[in-house]
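Shown below: entry38.txt, with compact mmCIF, C-alpha atoms.
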# COMPACT_ATOMS: atom_id res chain seq x y z
CA MET A 1 -87.86 197.88 -50.73
CA SER A 2 -90.50 199.99 -49.06
CA LYS A 3 -92.87 200.26 -52.05
CA VAL A 4 -93.05 196.49 -52.48
CA VAL A 5 -95.22 196.12 -49.41
CA ASN A 6 -98.24 197.53 -51.26
CA LEU A 7 -98.21 194.50 -53.49
CA LEU A 8 -97.75 191.97 -50.73
CA VAL A 9 -100.58 193.52 -48.82
CA ALA A 10 -102.80 193.25 -51.89
CA PHE A 11 -102.61 189.48 -52.06
CA LEU A 12 -102.28 188.88 -48.33
CA CYS A 13 -104.94 191.31 -47.16
CA CYS A 14 -107.74 188.78 -46.90
CA THR A 15 -105.65 186.69 -44.51
CA ALA A 16 -104.50 189.78 -42.65
CA PHE A 17 -108.08 190.93 -42.10
CA SER A 18 -108.74 187.59 -40.40
CA GLY A 19 -106.04 188.38 -37.84
CA ALA A 20 -103.48 185.80 -38.98
CA ARG A 21 -99.82 186.29 -38.21
CA GLY A 22 -96.97 186.11 -40.72
CA ASP A 23 -96.46 182.38 -40.15
CA LYS A 24 -99.94 181.83 -41.64
CA LEU A 25 -99.32 184.31 -44.44
CA ALA A 26 -96.29 182.22 -45.44
CA ASP A 27 -98.64 179.52 -46.71
CA VAL A 28 -100.01 182.02 -49.22
CA VAL A 29 -96.59 183.22 -50.40
CA LEU A 30 -95.33 179.68 -50.98
CA THR A 31 -98.03 179.05 -53.60
CA PHE A 32 -96.45 181.48 -56.06
CA SER A 33 -93.84 180.62 -58.68
CA GLU A 34 -90.68 182.73 -58.74
CA SER A 35 -91.55 184.62 -61.91
CA ALA A 36 -95.14 185.17 -60.82
CA LEU A 37 -94.08 186.49 -57.41
CA ALA A 38 -91.48 188.80 -58.99
CA SER A 39 -94.00 190.11 -61.54
CA LEU A 40 -96.49 190.71 -58.80
CA LEU A 41 -93.93 192.63 -56.78
CA ASP A 42 -93.14 194.82 -59.77
CA SER A 43 -96.76 195.51 -60.67
CA TYR A 44 -97.40 197.71 -57.65
CA ILE A 45 -94.27 199.86 -57.98
CA ASP A 46 -94.86 203.49 -58.96
CA PRO A 47 -93.10 204.58 -61.06
CA PRO A 48 -92.61 201.13 -62.61
CA PRO A 49 -89.17 199.57 -62.10
CA ARG A 50 -86.72 199.54 -64.97
CA LYS A 51 -86.80 196.55 -67.31
CA THR A 52 -84.04 197.56 -69.72
CA GLY A 53 -80.69 199.30 -69.63
CA PHE A 54 -78.86 196.96 -67.29
CA GLU A 55 -75.97 196.51 -69.71
CA THR A 56 -75.55 200.28 -70.13
CA LEU A 57 -74.52 200.70 -66.51
CA VAL A 58 -70.87 200.61 -65.49
CA PRO A 59 -70.31 198.99 -62.08
CA GLN A 60 -67.25 201.09 -61.29
CA GLN A 61 -69.30 204.25 -61.88
CA ASN A 62 -72.78 203.24 -60.71
CA ILE A 63 -71.83 201.43 -57.50
CA ARG A 64 -70.38 204.01 -55.13
CA LEU A 65 -68.81 203.83 -51.71
CA TYR A 66 -68.68 206.80 -49.33
CA CYS A 67 -66.55 206.57 -46.20
CA THR A 68 -65.64 208.61 -43.15
CA LYS A 69 -63.05 208.01 -40.49
CA THR A 70 -64.14 210.88 -38.30
CA SER A 71 -67.11 211.92 -36.17
CA PRO A 72 -68.78 214.28 -37.04
CA PRO A 73 -68.64 212.53 -40.42
CA GLN A 74 -66.73 213.86 -43.39
CA PHE A 75 -67.70 211.44 -46.12
CA GLN A 76 -65.44 211.02 -49.12
CA GLU A 77 -66.06 208.83 -52.11
CA VAL A 78 -63.74 205.86 -52.17
CA PHE A 79 -63.13 204.48 -55.61
CA PHE A 80 -62.47 200.88 -56.43
CA ASN A 81 -58.68 201.00 -57.02
CA ASP A 82 -58.42 204.36 -55.23
CA VAL A 83 -54.81 205.58 -55.12
CA ASP A 84 -55.72 207.78 -52.11
CA LEU A 85 -57.30 204.93 -50.18
CA THR A 86 -54.98 205.13 -47.19
CA LYS A 87 -55.84 208.83 -46.82
CA LYS A 88 -59.58 208.09 -46.73
CA ILE A 89 -59.57 204.99 -44.52
CA ASN A 90 -57.62 204.59 -41.29
CA PHE A 91 -56.07 201.13 -41.55
CA THR A 92 -55.58 200.94 -37.78
CA LEU A 93 -59.36 201.11 -37.12
CA PRO A 94 -62.21 198.65 -37.84
CA LEU A 95 -64.32 199.11 -40.96
CA THR A 96 -68.13 199.00 -41.14
CA ILE A 97 -70.06 199.13 -44.43
CA ALA A 98 -73.86 199.69 -44.52
CA ILE A 99 -75.79 198.36 -47.54
CA HIS A 100 -79.32 199.48 -48.46
CA GLY A 101 -82.07 197.40 -50.09
CA TRP A 102 -84.18 197.26 -53.25
CA ARG A 103 -85.60 200.59 -54.45
CA ASP A 104 -83.72 202.33 -51.63
CA SER A 105 -80.60 204.45 -51.45
CA SER A 106 -78.00 205.00 -48.74
CA GLN A 107 -80.22 207.79 -47.35
CA VAL A 108 -82.37 205.10 -45.75
CA PHE A 109 -79.55 204.78 -43.21
CA ASN A 110 -79.49 208.42 -42.08
CA ASN A 111 -80.51 207.55 -38.52
CA LEU A 112 -78.25 204.50 -38.42
CA THR A 113 -75.31 206.58 -39.60
CA ALA A 114 -75.85 209.32 -37.02
CA ARG A 115 -76.19 206.92 -34.10
CA TYR A 116 -73.41 204.60 -35.22
CA LEU A 117 -70.94 207.45 -35.37
CA LYS A 118 -72.22 208.81 -32.06
CA PHE A 119 -71.90 205.61 -30.05
CA VAL A 120 -69.19 203.64 -31.85
CA ASN A 121 -65.88 205.39 -31.49
CA ASN A 122 -62.67 204.94 -33.44
CA THR A 123 -64.01 203.33 -36.57
CA ASN A 124 -64.21 203.70 -40.33
CA TYR A 125 -67.83 203.86 -41.49
CA CYS A 126 -68.94 203.54 -45.11
CA LEU A 127 -72.19 203.64 -47.10
CA LEU A 128 -72.49 201.46 -50.20
CA ASP A 129 -74.79 203.15 -52.70
CA TRP A 130 -75.99 200.78 -55.42
CA ARG A 131 -79.25 202.61 -56.21
CA ALA A 132 -78.67 202.52 -60.00
CA TYR A 133 -78.85 198.72 -59.88
CA ALA A 134 -81.66 198.71 -57.30
CA GLU A 135 -84.10 200.46 -59.65
CA PHE A 136 -84.72 197.40 -61.82
CA GLY A 137 -87.53 194.90 -61.48
CA TYR A 138 -87.37 192.60 -58.50
CA GLN A 139 -86.25 189.49 -60.38
CA ILE A 140 -83.56 191.38 -62.31
CA THR A 141 -82.33 192.95 -59.09
CA ALA A 142 -82.33 189.70 -57.12
CA ARG A 143 -80.72 187.60 -59.83
CA ARG A 144 -78.39 190.06 -61.57
CA SER A 145 -77.84 193.18 -59.46
CA VAL A 146 -77.24 191.48 -56.12
CA PRO A 147 -74.43 189.18 -57.35
CA LEU A 148 -72.87 192.04 -59.32
CA VAL A 149 -72.86 194.44 -56.36
CA ALA A 150 -71.45 191.68 -54.15
CA GLN A 151 -68.68 191.11 -56.70
CA GLN A 152 -67.79 194.80 -56.65
CA LEU A 153 -67.76 194.93 -52.86
CA PHE A 154 -65.62 191.80 -52.81
CA ALA A 155 -63.14 193.47 -55.18
CA PHE A 156 -62.85 196.44 -52.82
CA LEU A 157 -62.36 194.25 -49.75
CA GLN A 158 -59.85 192.10 -51.59
CA MET A 159 -57.97 195.26 -52.52
CA ILE A 160 -57.70 196.50 -48.93
CA SER A 161 -56.67 193.03 -47.75
CA VAL A 162 -53.75 193.15 -50.20
CA LEU A 163 -52.78 196.36 -48.43
CA TYR A 164 -52.81 194.40 -45.16
CA PHE A 165 -56.19 195.47 -43.80
CA PRO A 166 -57.39 192.51 -41.69
CA LEU A 167 -60.78 191.41 -43.03
CA GLU A 168 -61.79 190.01 -39.65
CA ARG A 169 -62.16 193.67 -38.63
CA VAL A 170 -64.76 194.29 -41.35
CA SER A 171 -68.48 194.40 -40.50
CA LEU A 172 -71.26 194.53 -43.10
CA ILE A 173 -74.71 195.84 -42.14
CA GLY A 174 -77.34 194.96 -44.75
CA PHE A 175 -81.04 195.79 -44.72
CA SER A 176 -83.43 193.71 -46.81
CA MET A 177 -81.74 192.92 -50.14
CA GLY A 178 -78.61 194.54 -48.71
CA GLY A 179 -78.45 191.60 -46.32
CA GLN A 180 -78.30 189.25 -49.29
CA ILE A 181 -75.51 191.34 -50.86
CA ALA A 182 -73.58 191.05 -47.59
CA GLY A 183 -74.00 187.28 -47.64
CA LEU A 184 -72.84 186.85 -51.24
CA THR A 185 -69.84 189.09 -50.52
CA GLY A 186 -68.89 186.88 -47.60
CA LYS A 187 -69.03 183.77 -49.79
CA LEU A 188 -66.38 185.28 -52.04
CA LEU A 189 -64.11 185.66 -48.98
CA PRO A 190 -64.66 182.26 -47.35
CA GLY A 191 -63.77 182.28 -43.68
CA ARG A 192 -62.20 185.73 -43.80
CA LEU A 193 -64.96 188.31 -43.25
CA GLY A 194 -65.50 189.34 -39.63
CA THR A 195 -69.19 190.12 -39.13
CA ILE A 196 -72.49 190.42 -40.96
CA TYR A 197 -75.57 192.05 -39.45
CA ALA A 198 -78.53 191.17 -41.68
CA LEU A 199 -81.55 193.31 -40.83
CA ASP A 200 -84.67 191.46 -41.98
CA PRO A 201 -82.89 190.21 -45.13
CA ALA A 202 -84.99 189.97 -48.28
CA GLY A 203 -87.05 186.81 -48.58
CA PRO A 204 -88.85 186.81 -51.96
CA LEU A 205 -86.80 184.80 -54.50
CA PHE A 206 -84.30 183.88 -51.77
CA SER A 207 -86.26 181.84 -49.22
CA HIS A 208 -89.66 181.78 -50.88
CA PRO A 209 -91.40 180.54 -52.88
CA ILE A 210 -88.44 178.12 -52.68
CA ASP A 211 -85.19 178.26 -50.73
CA ILE A 212 -82.51 178.75 -53.39
CA GLY A 213 -79.84 177.28 -51.10
CA PRO A 214 -76.90 178.51 -49.01
CA THR A 215 -74.57 179.01 -51.99
CA ARG A 216 -76.86 181.68 -53.46
CA ARG A 217 -78.22 183.52 -50.41
CA LEU A 218 -77.28 184.57 -46.90
CA ASP A 219 -75.92 181.82 -44.66
CA ALA A 220 -74.19 181.48 -41.29
CA SER A 221 -70.95 180.51 -43.05
CA ASP A 222 -70.64 183.86 -44.85
CA ALA A 223 -68.66 185.47 -42.00
CA LYS A 224 -67.08 184.50 -38.72
CA TYR A 225 -70.25 185.81 -37.08
CA VAL A 226 -73.63 186.37 -38.76
CA GLN A 227 -76.41 188.02 -36.76
CA VAL A 228 -79.86 188.04 -38.39
CA ILE A 229 -82.78 190.09 -37.07
CA TYR A 230 -86.14 188.80 -38.32
CA THR A 231 -89.23 191.00 -38.29
CA SER A 232 -91.31 189.97 -41.35
CA ARG A 233 -90.55 186.32 -42.07
CA TYR A 234 -91.97 184.82 -45.27
CA THR A 235 -93.49 188.10 -46.46
CA VAL A 236 -90.90 190.71 -47.48
CA GLY A 237 -88.39 189.18 -45.07
CA PHE A 238 -86.40 185.95 -45.19
CA GLY A 239 -88.07 182.83 -43.80
CA LYS A 240 -85.52 180.23 -42.72
CA LEU A 241 -83.24 180.81 -39.72
CA VAL A 242 -79.76 181.12 -41.21
CA GLY A 243 -77.60 183.15 -38.81
CA THR A 244 -74.96 182.28 -36.27
CA GLN A 245 -77.43 184.04 -33.99
CA ASN A 246 -81.04 184.70 -34.95
CA PHE A 247 -83.09 187.33 -33.12
CA LEU A 248 -86.84 186.98 -33.65
CA SER A 249 -89.00 189.82 -32.42
CA ASN A 250 -92.57 188.49 -32.21
CA ASP A 251 -91.16 185.15 -33.44
CA GLY A 252 -89.86 187.10 -36.42
CA TYR A 253 -93.29 187.52 -37.98
CA HIS A 254 -95.37 190.46 -39.17
CA PRO A 255 -97.01 192.41 -37.60
CA GLN A 256 -94.45 193.65 -35.11
CA PRO A 257 -95.71 195.05 -31.76
CA PRO A 258 -95.46 198.77 -32.65
CA CYS A 259 -96.97 198.22 -36.11
CA LYS A 260 -100.70 198.46 -35.61
CA SER A 261 -103.43 198.78 -38.22
CA GLN A 262 -105.45 201.96 -37.80
CA GLY A 263 -108.23 201.45 -40.29
CA GLY A 264 -107.85 198.30 -42.32
CA THR A 265 -107.53 200.02 -45.68
CA LEU A 266 -105.08 198.67 -48.25
CA ASN A 267 -102.78 201.64 -47.71
CA ASP A 268 -102.96 201.17 -43.95
CA LEU A 269 -102.08 197.48 -44.21
CA ALA A 270 -99.18 198.38 -46.50
CA ASN A 271 -97.85 200.77 -43.89
CA VAL A 272 -98.11 198.09 -41.21
CA LEU A 273 -96.11 195.58 -43.28
CA ARG A 274 -93.55 198.25 -44.15
CA CYS A 275 -93.31 199.08 -40.44
CA SER A 276 -92.66 195.42 -39.58
CA HIS A 277 -89.95 195.08 -42.23
CA GLN A 278 -88.16 198.25 -41.14
CA PHE A 279 -88.55 197.39 -37.46
CA ALA A 280 -85.35 195.32 -37.73
CA VAL A 281 -83.43 198.50 -38.55
CA ARG A 282 -85.09 200.29 -35.64
CA LEU A 283 -84.10 197.54 -33.20
CA PHE A 284 -80.52 197.55 -34.43
CA VAL A 285 -80.25 201.35 -34.34
CA ASP A 286 -81.77 201.55 -30.85
CA THR A 287 -79.21 199.11 -29.45
CA LEU A 288 -76.24 201.13 -30.70
CA ASP A 289 -76.62 203.07 -27.46
CA PRO A 290 -74.82 200.80 -24.96
CA ALA A 291 -77.36 201.78 -22.30
CA ASN A 292 -80.25 200.47 -24.39
CA GLU A 293 -80.05 196.72 -23.94
CA ILE A 294 -82.34 194.37 -25.85
CA TYR A 295 -81.86 190.69 -25.05
CA GLY A 296 -82.85 187.52 -26.83
CA GLN A 297 -83.33 184.18 -25.08
CA LYS A 298 -82.11 181.06 -26.83
CA CYS A 299 -84.88 178.46 -27.12
CA VAL A 300 -85.12 174.94 -28.47
CA SER A 301 -88.01 172.82 -29.69
CA VAL A 302 -88.85 169.76 -27.61
CA LEU A 303 -91.66 167.52 -28.88
CA GLY A 304 -93.09 170.46 -30.80
CA SER A 305 -93.03 172.83 -27.84
CA ARG A 306 -90.66 175.74 -27.28
CA VAL A 307 -88.34 175.42 -24.28
CA CYS A 308 -86.58 178.60 -23.09
CA TRP A 309 -84.86 177.76 -19.81
CA SER A 310 -82.61 180.67 -18.93
CA ALA A 311 -80.71 178.49 -16.48
CA ILE A 312 -79.66 176.22 -19.35
CA TYR A 313 -79.87 178.24 -22.54
CA PRO A 314 -78.04 181.56 -22.71
CA LYS A 315 -79.34 185.06 -23.32
CA ASP A 316 -77.48 187.52 -25.50
CA ARG A 317 -77.79 191.13 -26.58
CA LEU A 318 -79.16 192.08 -29.94
CA GLY A 319 -76.83 194.27 -32.00
CA ILE A 320 -73.13 195.00 -32.03
CA TYR A 321 -72.62 194.29 -28.32
CA ALA A 322 -73.60 190.62 -28.58
CA LYS A 323 -71.23 188.22 -26.83
CA ARG A 324 -71.29 185.95 -29.88

Would you encode the structure as structure tokens?
Amino acid sequence: MSKVVNLLVAFLCCTAFSGARGDKLADVVLTFSESALASLLDSYIDPPPRKTGFETLVPQQNIRLYCTKTSPPQFQEVFFNDVDLTKKINFTLPLTIAIHGWRDSSQVFNNLTARYLKFVNNTNYCLLDWRAYAEFGYQITARRSVPLVAQQLFAFLQMISVLYFPLERVSLIGFSMGGQIAGLTGKLLPGRLGTIYALDPAGPLFSHPIDIGPTRRLDASDAKYVQVIYTSRYTVGFGKLVGTQNFLSNDGYHPQPPCKSQGGTLNDLANVLRCSHQFAVRLFVDTLDPANEIYGQKCVSVLGSRVCWSAIYPKDRLGIYAKR
């Protein structure tokens, strides 16, 4: 997903130079049709995304799952219909699966993996690598790859549930388009999946230019608990608030506080937007340390004004230690 920000900066830069926040940039994004927005996203990718060859891929071979049940990690590939599954996953421990985004690979989660295994004890931890399907153009990936990867992940989770692994002990962590994969997986297991953490889930073709609806994208009903961290709403990130709990750093809009423009060049603005999008991962990773507490205050809108009375509306921690 990181390379897509160059394109978004290109058509948002005039507004960005004027100092507008992401909520103003949303007005620009919403003027695009789906195909035009997808084509625009693809046009700034170098090398260009794949347009052909989708049918030549084999899901069981090109969507791979690597799991460890130990810390330090000893990752092993887990196959869909793996006869050695019970040797690779400890069925007495919870299971967490991290899912990368468009044009990424599981390596994007190196820091997340290290800190998760450091601070979260007694757990199975897996990385879902769907990079072969993430290399296509944005529209192909959003409309064909995402549902396909979700179907494969569903098949794996259905398999372990048949072997009496309780799905309420499963957590999915999805960044960008990975958050949408997590949501579609949850829909295939209605009411059964434990937790989804969606880290600035992908917005283009999901929430904008039009909201495609809760049956086709991430929604609060996709798991027993869905936490969404918003850091670039209506640009590369999702717009509408759709989680059981929604954490909005800087109201969820780009630019995020640590993401400052240094010179105003196109490349600089691209880096700032990329920084805002990835800031959701940084927040989540930082809070894996129990001593590092980041709180959100629940607010409501009254007559168009935000009301955040801590005496009435609760606070909660961002990340895996939320009270829910």

*What residues have an atom no more than 10 Å from (-67.4, 191.0, -53.4) in the file's own frame, counting all atoms listed in the file, and can you write them as a PyMOL selection string?*
chain A and resi 147-158+181-189

For the residues in the current selection, export C-alpha atoms as a compact mmCIF listing (two decimals), in the frame of the given file.
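As a result, result-v8.txt now contains:
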# COMPACT_ATOMS: atom_id res chain seq x y z
CA PRO A 147 -74.43 189.18 -57.35
CA LEU A 148 -72.87 192.04 -59.32
CA VAL A 149 -72.86 194.44 -56.36
CA ALA A 150 -71.45 191.68 -54.15
CA GLN A 151 -68.68 191.11 -56.70
CA GLN A 152 -67.79 194.80 -56.65
CA LEU A 153 -67.76 194.93 -52.86
CA PHE A 154 -65.62 191.80 -52.81
CA ALA A 155 -63.14 193.47 -55.18
CA PHE A 156 -62.85 196.44 -52.82
CA LEU A 157 -62.36 194.25 -49.75
CA GLN A 158 -59.85 192.10 -51.59
CA ILE A 181 -75.51 191.34 -50.86
CA ALA A 182 -73.58 191.05 -47.59
CA GLY A 183 -74.00 187.28 -47.64
CA LEU A 184 -72.84 186.85 -51.24
CA THR A 185 -69.84 189.09 -50.52
CA GLY A 186 -68.89 186.88 -47.60
CA LYS A 187 -69.03 183.77 -49.79
CA LEU A 188 -66.38 185.28 -52.04
CA LEU A 189 -64.11 185.66 -48.98

*Could you state the separation of atom CA of A:Ser145 and atom CA of A:Asn267 in Å, given to one decimal place?*
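Atom CA of A:Ser145 sits 28.8 Å away from atom CA of A:Asn267.
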
*Nearest-residue call for A:Leu163, choices A:Ala223, A:Ala98, A:Leu85, A:Val146, using all atoms listed in the file*: A:Leu85

*Which neighbours of A:Asp129 fall inside 12 Å, counting only C-alpha atoms, when residues of the same chain fewer than 3 positions from it are skipped, and could you give them as a PyMOL selection string?*
chain A and resi 59-67+77-78+97-109+126+132-135+149+152-153+174+178+181

_Minimum-distance residue to A:Phe238, chosen among A:Gln297, A:Asn81, A:Ser176, A:Gln256 (using all atoms listed in the file)_ =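 When distances to A:Phe238 are compared using all atoms listed in the file, the smallest one comes from A:Ser176.
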
*Counting only C-alpha atoms, the option among A:Lys88, A:Lys240, A:Lys51, A:Lys118 closest to A:Phe136*: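 Selected residue with least distance to A:Phe136: A:Lys51.
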
*Which residue, A:Ile140, A:Leu199, A:Leu37, A:Leu117, has the smallest gap to A:Glu55 when you use all atoms listed in the file?*
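The closest residue to A:Glu55 is A:Ile140.
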
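Using all atoms listed in the file, the shortest contact distance between A:Leu93 and any of A:Met177, A:Ala322, A:Ala198, A:Val170 is found at A:Val170.
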
*Go ahead and compute the interatomic distance for atom CA of A:Gly203 and atom CA of A:Gly239, in Å to one decimal.*
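Computing the Euclidean distance for atom CA of A:Gly203 and atom CA of A:Gly239 yields 6.3 Å.
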
*asked:* Calculated over only C-alpha atoms, which of the candidates A:Val162, A:Leu172, A:Val226, A:Ala280 has the smallest distance to A:Asp200?
replied: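 Among the listed residues, A:Ala280 lies closest to A:Asp200.
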
*What is the atom CA of A:Ile229-atom CA of A:Thr123 distance in Å, reported with one decimal?*
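Atom CA of A:Thr123 lies 23.0 Å from atom CA of A:Ile229.
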
Would you fill out stretch 29-49 of chain A with N, CA and C atoms and return it as a PDB file, keeping the file's coordinate frame?
ATOM      1  N   VAL A  29     -97.760 182.854 -49.602  1.00  0.00           N
ATOM      2  CA  VAL A  29     -96.590 183.220 -50.400  1.00  0.00           C
ATOM      3  C   VAL A  29     -96.007 182.014 -51.113  1.00  0.00           C
ATOM      4  N   LEU A  30     -95.971 180.872 -50.437  1.00  0.00           N
ATOM      5  CA  LEU A  30     -95.330 179.680 -50.980  1.00  0.00           C
ATOM      6  C   LEU A  30     -96.075 179.084 -52.163  1.00  0.00           C
ATOM      7  N   THR A  31     -97.278 179.568 -52.462  1.00  0.00           N
ATOM      8  CA  THR A  31     -98.030 179.050 -53.600  1.00  0.00           C
ATOM      9  C   THR A  31     -97.622 179.699 -54.910  1.00  0.00           C
ATOM     10  N   PHE A  32     -96.827 180.759 -54.866  1.00  0.00           N
ATOM     11  CA  PHE A  32     -96.450 181.480 -56.060  1.00  0.00           C
ATOM     12  C   PHE A  32     -95.187 180.881 -56.685  1.00  0.00           C
ATOM     13  N   SER A  33     -95.097 180.935 -58.020  1.00  0.00           N
ATOM     14  CA  SER A  33     -93.840 180.620 -58.680  1.00  0.00           C
ATOM     15  C   SER A  33     -92.918 181.828 -58.566  1.00  0.00           C
ATOM     16  N   GLU A  34     -91.628 181.621 -58.857  1.00  0.00           N
ATOM     17  CA  GLU A  34     -90.680 182.730 -58.740  1.00  0.00           C
ATOM     18  C   GLU A  34     -91.017 183.870 -59.679  1.00  0.00           C
ATOM     19  N   SER A  35     -91.261 183.553 -60.947  1.00  0.00           N
ATOM     20  CA  SER A  35     -91.550 184.620 -61.910  1.00  0.00           C
ATOM     21  C   SER A  35     -92.859 185.323 -61.602  1.00  0.00           C
ATOM     22  N   ALA A  36     -93.850 184.563 -61.147  1.00  0.00           N
ATOM     23  CA  ALA A  36     -95.140 185.170 -60.820  1.00  0.00           C
ATOM     24  C   ALA A  36     -95.012 186.094 -59.608  1.00  0.00           C
ATOM     25  N   LEU A  37     -94.264 185.659 -58.593  1.00  0.00           N
ATOM     26  CA  LEU A  37     -94.080 186.490 -57.410  1.00  0.00           C
ATOM     27  C   LEU A  37     -93.318 187.760 -57.769  1.00  0.00           C
ATOM     28  N   ALA A  38     -92.264 187.627 -58.592  1.00  0.00           N
ATOM     29  CA  ALA A  38     -91.480 188.800 -58.990  1.00  0.00           C
ATOM     30  C   ALA A  38     -92.332 189.774 -59.813  1.00  0.00           C
ATOM     31  N   SER A  39     -93.132 189.239 -60.730  1.00  0.00           N
ATOM     32  CA  SER A  39     -94.000 190.110 -61.540  1.00  0.00           C
ATOM     33  C   SER A  39     -95.018 190.819 -60.675  1.00  0.00           C
ATOM     34  N   LEU A  40     -95.519 190.114 -59.691  1.00  0.00           N
ATOM     35  CA  LEU A  40     -96.490 190.710 -58.800  1.00  0.00           C
ATOM     36  C   LEU A  40     -95.860 191.828 -57.977  1.00  0.00           C
ATOM     37  N   LEU A  41     -94.642 191.598 -57.538  1.00  0.00           N
ATOM     38  CA  LEU A  41     -93.930 192.630 -56.780  1.00  0.00           C
ATOM     39  C   LEU A  41     -93.748 193.885 -57.624  1.00  0.00           C
ATOM     40  N   ASP A  42     -93.381 193.682 -58.883  1.00  0.00           N
ATOM     41  CA  ASP A  42     -93.140 194.820 -59.770  1.00  0.00           C
ATOM     42  C   ASP A  42     -94.410 195.589 -60.100  1.00  0.00           C
ATOM     43  N   SER A  43     -95.539 194.900 -60.148  1.00  0.00           N
ATOM     44  CA  SER A  43     -96.760 195.510 -60.670  1.00  0.00           C
ATOM     45  C   SER A  43     -97.298 196.627 -59.801  1.00  0.00           C
ATOM     46  N   TYR A  44     -96.891 196.682 -58.541  1.00  0.00           N
ATOM     47  CA  TYR A  44     -97.400 197.710 -57.650  1.00  0.00           C
ATOM     48  C   TYR A  44     -96.384 198.830 -57.393  1.00  0.00           C
ATOM     49  N   ILE A  45     -95.283 198.820 -58.153  1.00  0.00           N
ATOM     50  CA  ILE A  45     -94.270 199.860 -57.980  1.00  0.00           C
ATOM     51  C   ILE A  45     -94.611 201.064 -58.845  1.00  0.00           C
ATOM     52  N   ASP A  46     -94.562 202.241 -58.259  1.00  0.00           N
ATOM     53  CA  ASP A  46     -94.860 203.490 -58.960  1.00  0.00           C
ATOM     54  C   ASP A  46     -93.772 204.503 -58.642  1.00  0.00           C
ATOM     55  N   PRO A  47     -93.020 204.981 -59.653  1.00  0.00           N
ATOM     56  CA  PRO A  47     -93.100 204.580 -61.060  1.00  0.00           C
ATOM     57  C   PRO A  47     -92.613 203.157 -61.270  1.00  0.00           C
ATOM     58  N   PRO A  48     -92.990 202.523 -62.376  1.00  0.00           N
ATOM     59  CA  PRO A  48     -92.610 201.130 -62.610  1.00  0.00           C
ATOM     60  C   PRO A  48     -91.102 200.954 -62.606  1.00  0.00           C
ATOM     61  N   PRO A  49     -90.615 199.815 -62.108  1.00  0.00           N
ATOM     62  CA  PRO A  49     -89.170 199.570 -62.100  1.00  0.00           C
ATOM     63  C   PRO A  49     -88.625 199.408 -63.508  1.00  0.00           C
TER      64      PRO A  49
END
